[in-house]
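Chemist: File run-v1.cif below, mmCIF, C-alpha atoms and all ligand atoms:
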data_data
#
loop_
_atom_site.group_PDB
_atom_site.id
_atom_site.type_symbol
_atom_site.label_atom_id
_atom_site.label_comp_id
_atom_site.auth_asym_id
_atom_site.auth_seq_id
_atom_site.Cartn_x
_atom_site.Cartn_y
_atom_site.Cartn_z
ATOM 1 C CA MET A 276 112.199 134.560 139.744
ATOM 2 C CA PRO A 277 113.047 138.252 139.443
ATOM 3 C CA VAL A 278 116.386 139.102 141.045
ATOM 4 C CA ARG A 279 116.459 142.119 143.323
ATOM 5 C CA LEU A 280 119.830 143.765 143.594
ATOM 6 C CA LYS A 281 120.831 145.751 146.662
ATOM 7 C CA ILE A 282 120.409 149.480 146.062
ATOM 8 C CA VAL A 283 123.203 151.328 147.861
ATOM 9 C CA GLN A 284 122.565 154.523 149.818
ATOM 10 C CA ALA A 285 124.269 157.934 149.876
ATOM 11 C CA GLY A 286 127.665 157.624 151.509
ATOM 12 C CA GLU A 287 128.566 154.550 149.474
ATOM 13 C CA PRO A 288 131.750 155.437 147.507
ATOM 14 C CA ALA A 289 130.361 153.796 144.315
ATOM 15 C CA LEU A 290 127.797 156.619 144.048
ATOM 16 C CA ARG A 291 130.572 159.216 143.854
ATOM 17 C CA GLN A 292 132.800 157.610 141.247
ATOM 18 C CA ALA A 293 132.672 158.200 137.495
ATOM 19 C CA SER A 294 131.613 155.054 135.641
ATOM 20 C CA ARG A 295 133.458 153.642 132.647
ATOM 21 C CA PRO A 296 131.864 153.182 129.220
ATOM 22 C CA LEU A 297 131.048 149.704 127.890
ATOM 23 C CA THR A 298 132.336 148.403 124.560
ATOM 24 C CA PRO A 299 129.884 146.804 122.086
ATOM 25 C CA THR A 300 131.593 143.442 122.765
ATOM 26 C CA GLU A 301 130.982 143.829 126.488
ATOM 27 C CA ILE A 302 127.347 144.820 125.911
ATOM 28 C CA ALA A 303 126.772 141.502 124.098
ATOM 29 C CA LEU A 304 128.169 139.454 127.003
ATOM 30 C CA PRO A 305 125.587 137.286 128.781
ATOM 31 C CA SER A 306 126.830 138.705 132.094
ATOM 32 C CA VAL A 307 126.017 142.281 131.007
ATOM 33 C CA GLN A 308 122.641 141.230 129.546
ATOM 34 C CA GLN A 309 121.874 139.614 132.880
ATOM 35 C CA VAL A 310 122.806 142.778 134.781
ATOM 36 C CA ILE A 311 120.345 144.699 132.554
ATOM 37 C CA GLU A 312 117.574 142.228 133.408
ATOM 38 C CA HIS A 313 118.354 142.342 137.109
ATOM 39 C CA MET A 314 118.440 146.147 137.093
ATOM 40 C CA ARG A 315 115.046 146.210 135.336
ATOM 41 C CA ASP A 316 113.548 143.864 137.929
ATOM 42 C CA THR A 317 115.124 145.825 140.793
ATOM 43 C CA MET A 318 113.796 149.147 139.434
ATOM 44 C CA ARG A 319 110.274 147.706 139.066
ATOM 45 C CA ASP A 320 110.377 146.184 142.517
ATOM 46 C CA ALA A 321 111.523 149.423 144.222
ATOM 47 C CA PRO A 322 109.490 150.860 142.418
ATOM 48 C CA GLY A 323 111.382 153.615 140.647
ATOM 49 C CA VAL A 324 111.407 155.311 137.252
ATOM 50 C CA GLY A 325 115.140 154.860 136.760
ATOM 51 C CA LEU A 326 118.127 152.971 138.095
ATOM 52 C CA ALA A 327 121.799 153.527 137.273
ATOM 53 C CA ALA A 328 124.532 150.908 137.617
ATOM 54 C CA PRO A 329 126.429 152.766 140.411
ATOM 55 C CA GLN A 330 123.281 152.422 142.532
ATOM 56 C CA VAL A 331 123.812 148.673 142.542
ATOM 57 C CA GLY A 332 127.545 149.100 143.086
ATOM 58 C CA LEU A 333 128.672 148.756 139.447
ATOM 59 C CA GLY A 334 130.974 151.346 137.895
ATOM 60 C CA ILE A 335 129.701 151.027 134.327
ATOM 61 C CA GLN A 336 127.809 153.520 132.151
ATOM 62 C CA LEU A 337 124.497 151.703 132.168
ATOM 63 C CA ALA A 338 121.062 152.849 133.324
ATOM 64 C CA VAL A 339 117.489 151.668 132.899
ATOM 65 C CA ILE A 340 114.404 153.873 132.745
ATOM 66 C CA GLU A 341 110.674 153.169 132.750
ATOM 67 C CA ASP A 342 107.781 155.359 133.818
ATOM 68 C CA ARG A 343 104.545 153.391 133.958
ATOM 69 C CA ALA A 344 101.068 154.867 133.906
ATOM 70 C CA GLU A 345 100.227 152.921 137.090
ATOM 71 C CA TYR A 346 102.885 154.914 139.035
ATOM 72 C CA THR A 347 100.844 158.072 138.617
ATOM 73 C CA ALA A 348 97.385 156.519 139.012
ATOM 74 C CA GLY A 349 96.617 158.650 142.086
ATOM 75 C CA VAL A 350 98.022 161.894 140.662
ATOM 76 C CA SER A 351 95.646 164.509 139.245
ATOM 77 C CA ALA A 352 95.671 165.294 135.528
ATOM 78 C CA GLU A 353 96.533 168.884 136.439
ATOM 79 C CA VAL A 354 99.691 167.903 138.319
ATOM 80 C CA LEU A 355 100.733 165.475 135.566
ATOM 81 C CA ALA A 356 100.280 168.219 132.965
ATOM 82 C CA GLU A 357 102.285 170.693 135.063
ATOM 83 C CA ARG A 358 105.148 168.201 135.336
ATOM 84 C CA GLU A 359 104.763 167.141 131.703
ATOM 85 C CA ARG A 360 104.801 163.580 132.978
ATOM 86 C CA LEU A 361 103.871 160.907 130.452
ATOM 87 C CA PRO A 362 104.587 157.168 130.512
ATOM 88 C CA VAL A 363 108.037 156.165 129.199
ATOM 89 C CA PRO A 364 108.445 152.603 127.910
ATOM 90 C CA PHE A 365 111.308 150.530 129.327
ATOM 91 C CA MET A 366 114.640 151.611 127.902
ATOM 92 C CA VAL A 367 118.304 150.786 128.401
ATOM 93 C CA LEU A 368 120.860 153.589 128.205
ATOM 94 C CA ILE A 369 124.497 152.693 127.694
ATOM 95 C CA ASN A 370 127.297 155.315 127.467
ATOM 96 C CA PRO A 371 124.706 158.116 127.311
ATOM 97 C CA LYS A 372 125.738 161.680 126.493
ATOM 98 C CA ILE A 373 123.572 164.753 126.784
ATOM 99 C CA VAL A 374 124.376 166.577 123.556
ATOM 100 C CA GLU A 375 121.867 169.427 123.993
ATOM 101 C CA TYR A 376 120.287 171.091 127.028
ATOM 102 C CA SER A 377 117.466 173.622 126.771
ATOM 103 C CA LYS A 378 118.195 176.948 128.431
ATOM 104 C CA GLU A 379 114.703 176.823 129.837
ATOM 105 C CA THR A 380 114.623 175.107 133.210
ATOM 106 C CA VAL A 381 111.813 173.722 135.363
ATOM 107 C CA GLU A 382 111.799 173.074 139.089
ATOM 108 C CA PHE A 383 110.046 170.229 140.917
ATOM 109 C CA PHE A 384 110.537 167.933 143.884
ATOM 110 C CA GLU A 385 112.782 165.028 142.971
ATOM 111 C CA GLY A 386 113.865 161.922 144.861
ATOM 112 C CA CYS A 387 116.339 159.087 144.436
ATOM 113 C CA LEU A 388 116.325 155.421 145.446
ATOM 114 C CA SER A 389 119.839 156.009 146.853
ATOM 115 C CA VAL A 390 118.683 158.871 149.080
ATOM 116 C CA ALA A 391 115.733 156.820 150.255
ATOM 117 C CA GLY A 392 112.894 158.600 152.002
ATOM 118 C CA PHE A 393 113.751 162.177 150.997
ATOM 119 C CA SER A 394 113.052 164.715 148.255
ATOM 120 C CA ALA A 395 114.051 168.263 147.344
ATOM 121 C CA LEU A 396 113.428 170.884 144.708
ATOM 122 C CA VAL A 397 115.789 170.471 141.768
ATOM 123 C CA LYS A 398 116.015 172.700 138.720
ATOM 124 C CA ARG A 399 116.579 170.810 135.463
ATOM 125 C CA SER A 400 116.607 171.642 131.776
ATOM 126 C CA ARG A 401 113.113 171.256 130.382
ATOM 127 C CA ARG A 402 114.401 169.498 127.260
ATOM 128 C CA VAL A 403 117.493 167.457 126.477
ATOM 129 C CA MET A 404 118.873 165.532 123.533
ATOM 130 C CA VAL A 405 120.670 162.317 124.484
ATOM 131 C CA GLU A 406 122.841 159.988 122.414
ATOM 132 C CA TYR A 407 123.355 156.477 123.748
ATOM 133 C CA LEU A 408 123.662 152.807 122.874
ATOM 134 C CA ASP A 409 120.760 150.468 123.542
ATOM 135 C CA GLU A 410 121.010 146.906 124.896
ATOM 136 C CA ASN A 411 121.960 145.679 121.400
ATOM 137 C CA ALA A 412 124.739 148.295 121.182
ATOM 138 C CA HIS A 413 122.776 150.157 118.502
ATOM 139 C CA PRO A 414 123.409 153.925 118.502
ATOM 140 C CA CYS A 415 120.230 155.809 119.430
ATOM 141 C CA LYS A 416 119.195 159.409 119.940
ATOM 142 C CA VAL A 417 116.267 160.662 121.954
ATOM 143 C CA GLU A 418 114.818 164.121 122.382
ATOM 144 C CA ALA A 419 112.990 164.314 125.675
ATOM 145 C CA SER A 420 111.036 166.964 127.496
ATOM 146 C CA GLY A 421 109.333 167.364 130.827
ATOM 147 C CA TRP A 422 109.556 164.558 133.369
ATOM 148 C CA PHE A 423 111.313 162.217 130.913
ATOM 149 C CA ALA A 424 114.045 164.843 130.408
ATOM 150 C CA ARG A 425 114.371 165.103 134.204
ATOM 151 C CA ILE A 426 114.751 161.328 134.592
ATOM 152 C CA LEU A 427 117.436 161.261 131.885
ATOM 153 C CA GLN A 428 119.411 164.062 133.553
ATOM 154 C CA HIS A 429 119.098 162.370 136.952
ATOM 155 C CA GLU A 430 120.265 158.941 135.709
ATOM 156 C CA ILE A 431 123.110 160.317 133.577
ATOM 157 C CA ASP A 432 124.303 162.319 136.615
ATOM 158 C CA HIS A 433 124.632 159.001 138.485
ATOM 159 C CA LEU A 434 127.062 157.752 135.821
ATOM 160 C CA HIS A 435 129.280 160.762 136.582
ATOM 161 C CA GLY A 436 129.204 160.316 140.354
ATOM 162 C CA LYS A 437 126.581 163.004 140.940
ATOM 163 C CA LEU A 438 123.401 162.928 143.022
ATOM 164 C CA TYR A 439 120.424 165.285 142.919
ATOM 165 C CA ILE A 440 121.481 166.659 146.301
ATOM 166 C CA ASP A 441 124.421 168.296 144.492
ATOM 167 C CA HIS A 442 121.962 170.553 142.627
ATOM 168 C CA MET A 443 119.075 170.763 145.066
ATOM 169 C CA GLU A 444 117.591 173.854 146.638
ATOM 170 C CA THR A 445 118.925 172.920 150.071
ATOM 171 C CA ARG A 446 116.181 174.591 152.118
ATOM 172 C CA SER A 447 113.553 172.472 150.345
ATOM 173 C CA PHE A 448 115.069 169.125 151.466
ATOM 174 C CA THR A 449 112.230 167.137 153.030
ATOM 175 C CA SER A 450 111.294 163.675 154.181
ATOM 176 C CA ASN A 451 108.796 162.109 151.795
ATOM 177 C CA GLU A 452 106.340 161.927 154.681
ATOM 178 C CA ASN A 453 106.503 165.704 155.101
ATOM 179 C CA LEU A 454 106.402 166.206 151.349
ATOM 180 C CA VAL A 455 103.004 164.528 151.344
ATOM 181 C CA ARG A 456 101.889 166.263 154.538
ATOM 182 C CA HIS A 457 102.897 169.839 153.735
ATOM 183 C CA TRP A 458 103.998 170.430 150.175
ATOM 184 C CA LYS A 459 102.514 168.005 147.700
ATOM 185 C CA SER A 460 99.467 170.013 146.704
ATOM 186 C CA SER A 461 101.173 173.423 146.733
ATOM 187 C CA SER A 462 102.492 175.145 143.642
ATOM 188 C CA ILE A 463 106.285 175.392 143.450
ATOM 189 C CA GLN A 464 105.932 179.150 143.806
ATOM 190 C CA ALA A 465 103.995 178.728 147.060
ATOM 191 C CA VAL A 466 106.585 176.224 148.342
ATOM 192 C CA ARG A 467 109.419 178.663 147.628
ATOM 193 C CA GLU A 468 107.587 181.441 149.406
ATOM 194 C CA ALA A 469 106.823 179.293 152.470
ATOM 195 C CA LEU A 470 110.490 178.271 152.671
ATOM 196 C CA GLY A 471 111.749 181.839 152.423
ATOM 197 C CA LEU A 472 113.257 181.308 148.977
ATOM 198 C CA PRO A 473 113.292 183.973 146.267
ATOM 199 C CA ALA A 474 110.731 183.506 143.483
ATOM 200 C CA ALA A 475 112.133 181.191 140.798
HETATM 201 ZN ZN ZN B 501 118.901 158.426 141.671
#
Can I see the file as structure tokens?
Ligand code: ZN

Modeler:
Amino acid sequence: MPVRLKIVQAGEPALRQASRPLTPTEIALPSVQQVIEHMRDTMRDAPGVGLAAPQVGLGIQLAVIEDRAEYTAGVSAEVLAERERLPVPFMVLINPKIVEYSKETVEFFEGCLSVAGFSALVKRSRRVMVEYLDENAHPCKVEASGWFARILQHEIDHLHGKLYIDHMETRSFTSNENLVRHWKSSSIQAVREALGLPAA
């Protein structure tokens, strides 16, 4: 039976604290391996494309990511291309560090399972390079762009006590219901204009 952990919501102190790194010995512990499994099941159940340990109340530098093709089944090819959104196989990030950020940024609506029901425009680097340990404590490096780069930046922020609302374009904050009703099919430029924001 998949275990579903409780995802805490904004206002929970755990979301605002910096997490501590894990040692390779700790990573090998059955208890940590079980947390990874439970976080994977919880992310899939939500469903979400990423989940960081502070979101389930744990102050450790651990996050899981997975973007499945089925999550974007109803999204047009045009929108997917604009967001540079491609499936990302399941991955475990431990002690991740962003070692390179592209100067080029891209802006899209972003949400978070810990700010349930809302979204806002967030500017992120289009590309990042991340060093991390996987679930076997093997050192890994990934160069990501587009939506994958956005997910990485979002999840790694969680491990430093940050939420997307810290970087959002505040006037764009919207319920997901209104995102679908008013903004989903508009270009970001049109959204900015309608909200009285300067062109990006
Ligand atoms: Zn989040």

Chemist: Mind listing whatever residues come within 8 Å of the point (121.3, 153.8, 137.8)? Use only C-alpha atoms, file coordinates, and give them as a ChimeraX atom specification.

Modeler: /A:325-331,337-339,430-431,433-434

Chemist: Please, which residues have at least one atom within 12 Å of an atom of ligand ZN 501 (chain B), using all atoms listed in the file, listed as a ChimeraX atom specification?

Modeler: /A:282-285,290-291,318,321,323-331,338-340,385-394,425-441

Chemist: Which residues match the PyMOL selection byres (((chain A and resi 346-354) around 10) and not hetatm) in the file above, as a list in words?

Modeler: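 Checked against the file, the PyMOL selection byres (((chain A and resi 346-354) around 10) and not hetatm) matches Pro322, Gly323, Val324, Asp342, Arg343, Ala344, Glu345, Leu355, Ala356, Glu357, Arg358, Glu359, Arg360, Leu361, Pro362, Lys459, Ser460 and Ser462 of chain A.
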
Chemist: How many Å separate atom CA of A:Val417 from atom CA of A:Lys281?

Modeler: 29.2 Å

Chemist: When you draw a straight line from atom CA of A:Ile311 to atom CA of A:Gly421, how long is it in Å?

Modeler: 25.3 Å

Chemist: So which one's closest to A:Gln464, A:Glu418, A:Glu301, A:Glu382, A:Glu410? Using all atoms listed in the file, please.

Modeler: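 Looking at the shortest contact to A:Gln464, the residue is A:Glu382.
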